[in-house]
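Undergrad: So I've got this file, data34.txt, and it contains compact mmCIF, C-alpha atoms:
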```
# COMPACT_ATOMS: atom_id res chain seq x y z
CA MET A 7 28.64 123.19 72.93
CA LEU A 8 25.72 123.75 70.58
CA ASP A 9 26.10 120.28 69.06
CA SER A 10 26.09 118.75 72.53
CA ASP A 11 22.83 120.53 73.40
CA LEU A 12 21.20 119.37 70.18
CA HIS A 13 22.34 115.81 70.88
CA LEU A 14 20.73 115.87 74.31
CA VAL A 15 17.46 117.17 72.93
CA ASP A 16 17.41 114.33 70.39
CA VAL A 17 17.86 111.73 73.13
CA MET A 18 15.14 113.25 75.31
CA VAL A 19 12.42 112.67 72.68
CA VAL A 20 12.54 108.89 73.31
CA PRO A 21 9.73 108.06 75.80
CA GLN A 22 10.49 105.65 78.61
CA THR A 23 8.13 103.03 77.17
CA SER A 24 9.85 103.19 73.76
CA LEU A 25 13.26 103.04 75.41
CA LEU A 26 12.44 99.96 77.50
CA ARG A 27 10.57 98.25 74.64
CA GLY A 28 13.46 98.87 72.23
CA ALA A 29 16.04 97.55 74.69
CA ILE A 30 14.06 94.40 75.52
CA HIS A 31 13.28 93.77 71.84
CA ALA A 32 16.98 93.99 70.87
CA LEU A 33 17.92 91.84 73.87
CA TYR A 34 15.43 89.20 72.77
CA ILE A 35 16.65 89.11 69.17
CA VAL A 36 20.31 88.67 70.11
CA ALA A 37 19.54 86.14 72.87
CA SER A 38 17.41 84.09 70.45
CA ARG A 39 20.21 84.15 67.86
CA ARG A 40 22.65 82.85 70.47
CA SER A 41 20.27 80.15 71.74
CA SER A 42 16.66 79.76 70.56
CA SER A 43 13.53 81.91 70.47
CA LYS A 44 11.88 79.91 73.24
CA PHE A 45 14.99 80.02 75.45
CA ALA A 46 15.31 83.77 74.92
CA GLU A 47 11.66 84.32 75.82
CA ASP A 48 11.97 82.19 78.96
CA ALA A 49 15.25 83.87 79.97
CA ILE A 50 13.80 87.37 79.69
CA GLU A 51 10.54 86.42 81.45
CA THR A 52 12.52 84.82 84.28
CA ALA A 53 14.77 87.89 84.54
CA LEU A 54 11.74 90.21 84.66
CA ALA A 55 10.20 88.09 87.42
CA THR A 56 13.47 88.03 89.35
CA LEU A 57 13.92 91.80 89.16
CA LYS A 58 10.31 92.91 89.68
CA ASN A 59 10.75 93.46 93.43
CA ARG A 60 13.61 95.84 92.74
CA TYR A 61 11.90 97.43 89.74
CA PRO A 62 8.11 97.20 90.36
CA PHE A 63 7.27 98.49 86.88
CA PHE A 64 8.62 95.22 85.46
CA LYS A 65 5.32 93.71 86.64
CA ASN A 66 3.70 95.66 83.78
CA VAL A 67 6.00 94.17 81.11
CA THR A 68 5.13 91.07 79.10
CA ILE A 69 6.99 89.49 76.21
CA LYS A 70 5.55 87.05 73.68
CA MET A 71 7.39 85.36 70.85
CA LYS A 72 6.09 85.98 67.32
CA THR A 73 5.71 82.50 65.85
CA PHE A 74 5.68 83.44 62.17
CA SER A 75 7.89 86.50 62.13
CA GLU A 76 11.58 87.33 61.92
CA ASP A 77 11.39 90.60 63.84
CA GLY A 78 11.46 88.97 67.27
CA ALA A 79 8.71 89.30 69.86
CA ASN A 80 5.85 91.49 71.01
CA VAL A 81 6.83 93.55 74.05
CA ASP A 82 3.83 95.01 75.89
CA LEU A 83 4.30 97.72 78.51
CA SER A 84 2.01 99.78 80.67
CA SER A 85 1.85 103.49 79.79
CA ASN A 86 2.62 104.48 83.39
CA ILE A 87 6.24 103.46 82.76
CA ASP A 88 6.65 106.90 81.17
CA ASN A 89 6.36 108.31 84.71
CA VAL A 90 9.40 106.34 85.91
CA HIS A 91 12.61 108.37 86.14
CA LYS A 92 15.02 107.84 83.27
CA SER A 93 17.89 106.79 85.54
CA GLU A 94 15.74 104.05 87.11
CA ILE A 95 14.84 102.79 83.63
CA GLY A 96 18.57 102.74 82.87
CA ASP A 97 19.35 100.74 86.02
CA ALA A 98 16.58 98.30 85.15
CA ILE A 99 17.83 97.82 81.58
CA GLU A 100 21.39 97.23 82.80
CA SER A 101 20.23 94.69 85.40
CA LEU A 102 18.08 92.92 82.81
CA ILE A 103 21.00 92.65 80.36
CA ARG A 104 23.30 91.26 83.05
CA VAL A 105 20.77 88.68 84.32
CA VAL A 106 19.91 87.43 80.81
CA CYS A 107 23.59 87.21 79.81
CA ASN A 108 24.33 85.33 83.00
CA ASP A 109 21.48 82.94 82.18
CA LEU A 110 22.86 82.40 78.69
CA SER A 111 26.32 81.84 80.19
CA GLU A 112 28.82 80.75 77.53
CA GLU A 113 26.16 80.91 74.84
CA ALA A 114 26.18 84.69 75.16
CA GLY A 115 29.68 84.53 73.70
CA LEU A 116 31.61 87.58 72.56
CA TYR A 117 30.17 90.80 71.12
CA PHE A 118 26.71 90.28 72.60
CA ILE A 119 26.41 94.01 73.39
CA THR A 120 27.80 95.02 69.99
CA GLU A 121 25.12 92.96 68.25
CA MET A 122 22.43 94.21 70.61
CA LYS A 123 23.36 97.82 69.77
CA GLN A 124 23.05 97.06 66.06
CA TYR A 125 19.52 95.71 66.46
CA ALA A 126 18.45 98.48 68.85
CA GLY A 127 19.52 101.27 66.52
CA ASP A 128 21.40 104.50 67.21
CA LYS A 129 18.45 106.38 68.72
CA ILE A 130 17.63 103.71 71.32
CA VAL A 131 21.34 103.12 72.08
CA GLU A 132 21.89 106.84 72.68
CA ALA A 133 18.86 106.92 74.95
CA ILE A 134 20.10 103.85 76.87
CA VAL A 135 23.51 105.48 77.40
CA ASP A 136 21.84 108.77 78.36
CA ALA A 137 19.88 106.83 80.99
CA GLY A 138 23.21 105.94 82.63
CA VAL A 139 23.94 102.49 81.18
CA ASP A 140 27.63 101.92 80.39
CA LEU A 141 27.27 99.42 77.55
CA GLU A 142 30.99 99.43 76.83
CA GLN A 143 31.79 98.45 80.41
CA ILE A 144 29.26 95.59 80.28
CA GLU A 145 30.87 94.33 77.09
CA VAL A 146 34.38 94.54 78.60
CA GLU A 147 33.16 92.52 81.60
CA GLN A 148 31.52 89.95 79.30
CA HIS A 149 34.72 89.58 77.29
CA HIS A 150 36.67 89.09 80.50
CA ALA A 151 34.17 86.50 81.79
CA TYR A 152 34.19 84.65 78.47
CA MET A 153 37.99 84.47 78.31
CA ARG A 154 38.13 83.45 81.97
CA LYS A 155 35.74 80.55 81.34
CA LYS A 156 37.82 79.46 78.35
CA ARG A 157 40.95 79.61 80.49
CA LYS A 158 39.25 77.56 83.20
CA LYS A 159 38.36 74.91 80.65
CA THR A 160 41.92 74.82 79.35
CA VAL A 161 43.35 74.55 82.85
CA LYS A 162 40.84 71.86 83.83
CA GLN A 163 41.59 69.82 80.71
CA GLY A 164 45.30 70.12 81.41
CA GLY A 165 44.86 68.95 84.99
CA GLN A 166 46.31 72.18 86.40
CA SER A 167 44.96 74.32 89.20
CA GLU A 168 43.86 77.83 88.26
CA ASN A 169 45.36 81.01 89.73
CA LEU A 170 42.29 83.03 90.72
CA LEU A 171 44.39 86.02 91.82
CA GLY A 172 46.29 86.60 88.59
CA TYR A 173 49.60 86.83 90.47
CA THR A 174 51.72 84.66 92.78
CA TRP A 175 53.61 85.28 96.03
CA ASP A 176 56.93 85.59 94.20
CA LYS A 177 55.49 88.65 92.40
CA VAL A 178 54.80 90.38 95.72
CA SER A 179 57.73 92.65 96.57
CA ARG A 180 56.26 94.30 99.68
CA TRP A 181 53.05 95.09 101.49
CA GLU A 182 51.91 98.17 103.40
CA HIS A 183 49.35 98.76 106.12
CA LYS A 184 48.73 102.18 107.64
CA GLU A 185 47.65 102.49 111.24
CA GLY A 186 43.89 102.98 111.52
CA SER A 187 43.20 101.52 108.07
CA LYS A 188 41.58 98.12 107.56
CA TYR A 189 43.23 97.67 104.16
CA CYS A 190 46.61 96.17 103.27
CA THR A 191 48.18 96.95 99.89
CA LEU A 192 50.44 94.51 98.01
CA TYR A 193 53.05 95.85 95.55
CA ASP A 194 55.16 94.24 92.83
CA THR A 195 58.87 94.87 92.21
CA GLU A 196 58.07 97.93 90.07
CA GLY A 197 55.98 99.55 92.78
CA ASN A 198 52.62 98.83 91.12
CA ALA A 199 49.72 97.93 93.38
CA LEU A 200 48.86 94.27 92.83
CA ASP A 201 45.97 94.02 95.23
CA ARG A 202 44.22 95.65 98.18
CA ILE A 203 43.14 93.25 100.89
CA ASP A 204 40.30 93.96 103.29
CA LEU A 205 41.81 92.78 106.59
CA GLU A 206 38.42 92.59 108.29
CA GLN A 207 37.10 90.28 105.56
CA MET A 208 40.32 88.25 105.56
CA ILE A 209 40.16 87.74 109.35
CA GLN A 210 36.47 86.76 109.09
CA ASN A 211 37.33 84.19 106.39
CA TYR A 212 40.17 82.87 108.58
CA VAL A 213 37.90 82.42 111.60
CA GLU A 214 35.05 80.88 109.56
CA THR A 215 37.42 78.50 107.75
CA LEU A 216 39.06 77.19 110.91
CA SER A 217 35.89 77.17 113.03
CA GLY A 218 33.81 75.53 110.30
CA ILE A 219 30.96 77.96 110.96
CA THR A 220 29.97 80.38 108.19
CA GLU A 221 27.42 83.12 108.68
CA THR A 222 26.31 84.33 105.25
CA ASN A 223 24.06 87.37 105.07
CA ILE A 224 22.65 87.53 101.52
CA GLU A 225 21.30 91.06 101.94
CA LYS A 226 24.70 92.25 103.14
CA LEU A 227 26.44 90.58 100.21
CA GLU A 228 24.05 92.20 97.71
CA LYS A 229 24.55 95.57 99.38
CA ASN A 230 28.34 95.19 99.23
CA VAL A 231 28.17 94.40 95.52
CA ARG A 232 26.06 97.50 94.84
CA ILE A 233 28.45 99.64 96.91
CA TYR A 234 31.45 98.26 95.04
CA GLU A 235 29.80 99.07 91.70
CA LYS A 236 29.24 102.68 92.79
CA GLU A 237 32.83 103.00 94.05
CA TYR A 238 34.21 101.76 90.75
CA SER A 239 31.82 104.01 88.79
CA LEU A 240 32.96 107.04 90.79
CA LEU A 241 36.65 106.27 90.12
CA LYS A 242 35.88 105.83 86.43
CA LEU A 243 33.94 109.11 86.26
CA MET A 244 36.72 110.99 88.04
CA HIS A 245 39.24 109.57 85.59
CA GLU A 246 37.15 110.85 82.68
CA ARG A 247 36.17 114.32 83.90
CA ASP A 248 36.22 116.90 86.70
CA MET A 249 32.94 117.35 88.54
CA ASP A 250 31.34 118.66 91.71
CA THR A 251 29.50 116.57 94.29
CA GLU A 252 26.08 117.46 92.88
CA THR A 253 27.03 116.19 89.42
CA ALA A 254 28.62 113.03 90.84
CA SER A 255 25.53 112.28 92.96
CA HIS A 256 23.29 112.72 89.92
CA LEU A 257 25.40 110.55 87.62
CA LEU A 258 25.67 107.77 90.20
CA ASN A 259 22.02 108.14 91.22
CA ILE A 260 22.90 108.32 94.93
CA SER A 261 22.38 110.88 97.68
CA PRO A 262 25.13 113.33 98.73
CA GLU A 263 25.37 111.43 102.03
CA GLU A 264 25.98 108.13 100.23
CA LEU A 265 28.55 109.83 97.99
CA SER A 266 30.34 111.21 101.05
CA LYS A 267 30.60 107.71 102.57
CA ILE A 268 32.03 106.32 99.32
CA VAL A 269 34.59 109.14 99.09
CA ILE A 270 35.67 108.57 102.72
CA LYS A 271 36.11 104.84 102.04
CA LEU A 272 38.15 105.50 98.89
CA LEU A 273 40.29 107.96 100.84
CA GLU A 274 40.91 105.26 103.46
CA MET A 275 41.86 102.85 100.67
CA GLU A 276 44.26 105.50 99.32
CA MET A 277 42.52 105.47 95.96
CA LEU A 278 41.72 109.16 96.42
CA ARG A 279 43.62 111.96 98.14
CA TYR A 280 42.95 115.57 99.04
CA ILE A 281 44.66 118.22 96.91
CA SER A 282 42.84 121.07 98.68
CA LYS A 283 40.37 121.51 101.51
CA ASP A 284 37.37 120.44 99.44
CA THR A 285 38.90 118.75 96.38
CA VAL A 286 40.01 115.14 95.92
CA LYS A 287 41.72 113.40 93.01
CA LEU A 288 42.67 109.90 91.93
CA THR A 289 45.90 108.45 93.28
CA LYS A 290 48.22 106.00 91.55
CA VAL A 291 46.54 103.23 93.55
CA GLY A 292 43.16 104.34 92.21
CA LEU A 293 44.44 104.43 88.64
CA ASP A 294 45.99 100.97 89.10
CA ALA A 295 42.64 99.67 90.35
CA LEU A 296 40.93 101.00 87.21
CA SER A 297 43.52 99.46 84.92
CA HIS A 298 43.23 96.07 86.64
CA LYS A 299 39.42 96.25 86.39
```
Is it possible to give me this structure as structure tokens?
TA:
Amino acid sequence: MLDSDLHLVDVMVVPQTSLLRGAIHALYIVASRRSSSKFAEDAIETALATLKNRYPFFKNVTIKMKTFSEDGANVDLSSNIDNVHKSEIGDAIESLIRVVCNDLSEEAGLYFITEMKQYAGDKIVEAIVDAGVDLEQIEVEQHHAYMRKKRKKTVKQGGQSENLLGYTWDKVSRWEHKEGSKYCTLYDTEGNALDRIDLEQMIQNYVETLSGITETNIEKLEKNVRIYEKEYSLLKLMHERDMDTETASHLLNISPEELSKIVIKLLEMEMLRYISKDTVKLTKVGLDALSHK
């Protein structure tokens, strides 16, 4: 317990400006190694501009390549960034990493996060993680995306169509739908949950496909993505540790009301279940969802 306390104190000494500068600097170095210095600079500047409405303090960040130096780029930040809450800095860093990696696409390759951690150093990495950034999860997702792109290329070169689901109808043994729920669960022959289908979304897709009229609400899509990320993060946290609602709200950076809505949805999806009046736990469906993720 004492070691844990000391560890937290060590992380806390990193100011927000140093944390953000260190993360951007490491991101630049790795991005430039995977592409070019100019491309890395442009990618980060574009990402900062894209995200500045969500994170206003990004307006006070500038990056400039060092022409005759091997240590990367100058990252200038406004001192008022130290007043921004650590969790918001963490969210901003995670978003920046994802946008830049998406811009690099296949050039990001494997082990981008591993290399970034090496250049950032242990102190900055610990501070990034303490700010709520799951670097390991980002790397897992990048590995998955990289292998998926390689598989797509292989399938395309072979003239075959790709299975986007990862399973076929002959693998589906049965499906279940409970009255009052908008979700349908598909199971394989061993009783493992293959997929959970949102019937409302499926019906909407059916109507839009046959009618030829699609109504896309970008704000709604972005909101759904953010909600999904929080749902998955909650399942992951519950798998790793026991916690109360206050701790969960803090770790997810959401209000108790938002947490309650997520828990209710996960209960409806049968990913959580009550084991007492005020206690919920992961179900087999929830664990299967984590393993598939």
Undergrad: List as a PyMOL selection string the protein and nucleic acid residues near Ala126 of chain A, meaning an atom at most 9 Å away when all atoms listed in the file are counted, but skip any in the same chain fewer than 5 places from it.
TA: chain A and resi 28-33+121+131
Undergrad: Go ahead and write the selection's residues with C-alpha atoms as a PDB file, in the coordinates of the input.
TA:
```
ATOM      1  CA  GLY A  28      13.460  98.870  72.230  1.00  0.00           C
ATOM      2  CA  ALA A  29      16.040  97.550  74.690  1.00  0.00           C
ATOM      3  CA  ILE A  30      14.060  94.400  75.520  1.00  0.00           C
ATOM      4  CA  HIS A  31      13.280  93.770  71.840  1.00  0.00           C
ATOM      5  CA  ALA A  32      16.980  93.990  70.870  1.00  0.00           C
ATOM      6  CA  LEU A  33      17.920  91.840  73.870  1.00  0.00           C
ATOM      7  CA  GLU A 121      25.120  92.960  68.250  1.00  0.00           C
ATOM      8  CA  VAL A 131      21.340 103.120  72.080  1.00  0.00           C
TER       9      VAL A 131
END
```
Undergrad: Have a look at atom CA of Ala137 of chain A and atom CA of Ser24 of chain A and let me know their distance in Å, one decimal.
TA: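 Between atom CA of Ala137 of chain A and atom CA of Ser24 of chain A the gap works out to 12.9 Å.
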Undergrad: For Ala98 of chain A, please output as JSON, numbers by chain all residues within 9 Å (counting all atoms listed in the file; exclusion window: fewer than 2 positions along the same chain).
TA: {"A": [26, 57, 60, 61, 64, 93, 94, 95, 96, 100, 101, 102, 103]}
Undergrad: Go ahead and dump the residues you just picked, C-alpha atoms, as a compact mmCIF listing (two decimals), keeping the file's coordinate frame.
TA:
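As written to disk, selection-v1.txt reads:
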```
# COMPACT_ATOMS: atom_id res chain seq x y z
CA LEU A 26 12.44 99.96 77.50
CA LEU A 57 13.92 91.80 89.16
CA ARG A 60 13.61 95.84 92.74
CA TYR A 61 11.90 97.43 89.74
CA PHE A 64 8.62 95.22 85.46
CA SER A 93 17.89 106.79 85.54
CA GLU A 94 15.74 104.05 87.11
CA ILE A 95 14.84 102.79 83.63
CA GLY A 96 18.57 102.74 82.87
CA GLU A 100 21.39 97.23 82.80
CA SER A 101 20.23 94.69 85.40
CA LEU A 102 18.08 92.92 82.81
CA ILE A 103 21.00 92.65 80.36
```
Undergrad: Please determine, counting all atoms listed in the file, which residue among A:Glu214, A:Glu237, A:Asp294, A:Glu263 has the shortest atom-to-atom distance to Leu192 of chain A.
TA: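 That would be A:Asp294, the residue with the smallest distance to Leu192 of chain A.
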Undergrad: Calculate how many Å separate atom CA of Thr68 of chain A from atom CA of Asp136 of chain A, rounding to one decimal.
TA: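 Value for the atom CA of Thr68 of chain A-atom CA of Asp136 of chain A distance: 24.4 Å.
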Undergrad: Atom CA of Ser266 of chain A to atom CA of Thr285 of chain A: how many Å, to one decimal?
TA: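 Pair atom CA of Ser266 of chain A / atom CA of Thr285 of chain A returns 12.3 Å.
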Undergrad: Contacts of Ala53 of chain A at 8 Å or less, counting all atoms listed in the file, minus same-chain residues fewer than 3 places along, as an mmCIF file with C-alpha atoms, in the coordinates of the input?
TA:
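part38.cif written:
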```
data_model
loop_
_atom_site.group_PDB
_atom_site.id
_atom_site.type_symbol
_atom_site.label_atom_id
_atom_site.label_comp_id
_atom_site.auth_asym_id
_atom_site.auth_seq_id
_atom_site.Cartn_x
_atom_site.Cartn_y
_atom_site.Cartn_z
ATOM 1 C CA ALA A 49 15.250 83.870 79.970
ATOM 2 C CA ILE A 50 13.800 87.370 79.690
ATOM 3 C CA THR A 56 13.470 88.030 89.350
ATOM 4 C CA LEU A 57 13.920 91.800 89.160
ATOM 5 C CA LEU A 102 18.080 92.920 82.810
ATOM 6 C CA VAL A 105 20.770 88.680 84.320
ATOM 7 C CA VAL A 106 19.910 87.430 80.810
#
```
Undergrad: Counting all atoms listed in the file, note down every residue that has an atom within 12 Å of the point (48.5, 104.1, 91.1) (file coordinates), as a short mmCIF file (atom, residue, chain, number, x, y, z; two decimals) with C-alpha atoms, in the frame of the given file.
TA:
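The resulting result_19.cif:
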```cif
data_model
loop_
_atom_site.label_atom_id
_atom_site.label_comp_id
_atom_site.auth_asym_id
_atom_site.auth_seq_id
_atom_site.Cartn_x
_atom_site.Cartn_y
_atom_site.Cartn_z
CA THR A 191 48.18 96.95 99.89
CA LEU A 192 50.44 94.51 98.01
CA TYR A 193 53.05 95.85 95.55
CA GLU A 196 58.07 97.93 90.07
CA GLY A 197 55.98 99.55 92.78
CA ASN A 198 52.62 98.83 91.12
CA ALA A 199 49.72 97.93 93.38
CA LEU A 200 48.86 94.27 92.83
CA ASP A 201 45.97 94.02 95.23
CA ARG A 202 44.22 95.65 98.18
CA MET A 275 41.86 102.85 100.67
CA GLU A 276 44.26 105.50 99.32
CA MET A 277 42.52 105.47 95.96
CA LEU A 278 41.72 109.16 96.42
CA ARG A 279 43.62 111.96 98.14
CA LYS A 287 41.72 113.40 93.01
CA LEU A 288 42.67 109.90 91.93
CA THR A 289 45.90 108.45 93.28
CA LYS A 290 48.22 106.00 91.55
CA VAL A 291 46.54 103.23 93.55
CA GLY A 292 43.16 104.34 92.21
CA LEU A 293 44.44 104.43 88.64
CA ASP A 294 45.99 100.97 89.10
CA ALA A 295 42.64 99.67 90.35
CA LEU A 296 40.93 101.00 87.21
CA SER A 297 43.52 99.46 84.92
CA HIS A 298 43.23 96.07 86.64
#
```
Undergrad: Ranking A:Glu185, A:Asp284, A:Asp140, A:Glu147 by minimum distance to Leu243 of chain A and counting only C-alpha atoms, which one comes first?
TA: A:Asp140
Undergrad: Near Pro262 of chain A, within 8 Å and counting all atoms listed in the file, which residues show up once chain neighbours fewer than 6 positions away are dropped, as an MDAnalysis selection string?
TA: chainID A and resid 251:252 255
Undergrad: For C-alpha atoms, I'd like the residues from the last selection saved as a PDB file, keeping the file's coordinate frame.
TA:
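result.pdb was written with the following content:
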```pdb
ATOM      1  CA  THR A 251      29.500 116.570  94.290  1.00  0.00           C
ATOM      2  CA  GLU A 252      26.080 117.460  92.880  1.00  0.00           C
ATOM      3  CA  SER A 255      25.530 112.280  92.960  1.00  0.00           C
TER       4      SER A 255
END
```
Undergrad: May I have the centre and edge lengths, in Å to one decimal, of an axis-aligned box around the listed atoms of segment 190-203 of chain A with 5 Å added to every side, as JSON?
TA:
```
{"center_x": 51.0, "center_y": 96.4, "center_z": 96.7, "size_x": 25.7, "size_y": 16.3, "size_z": 23.2}
```
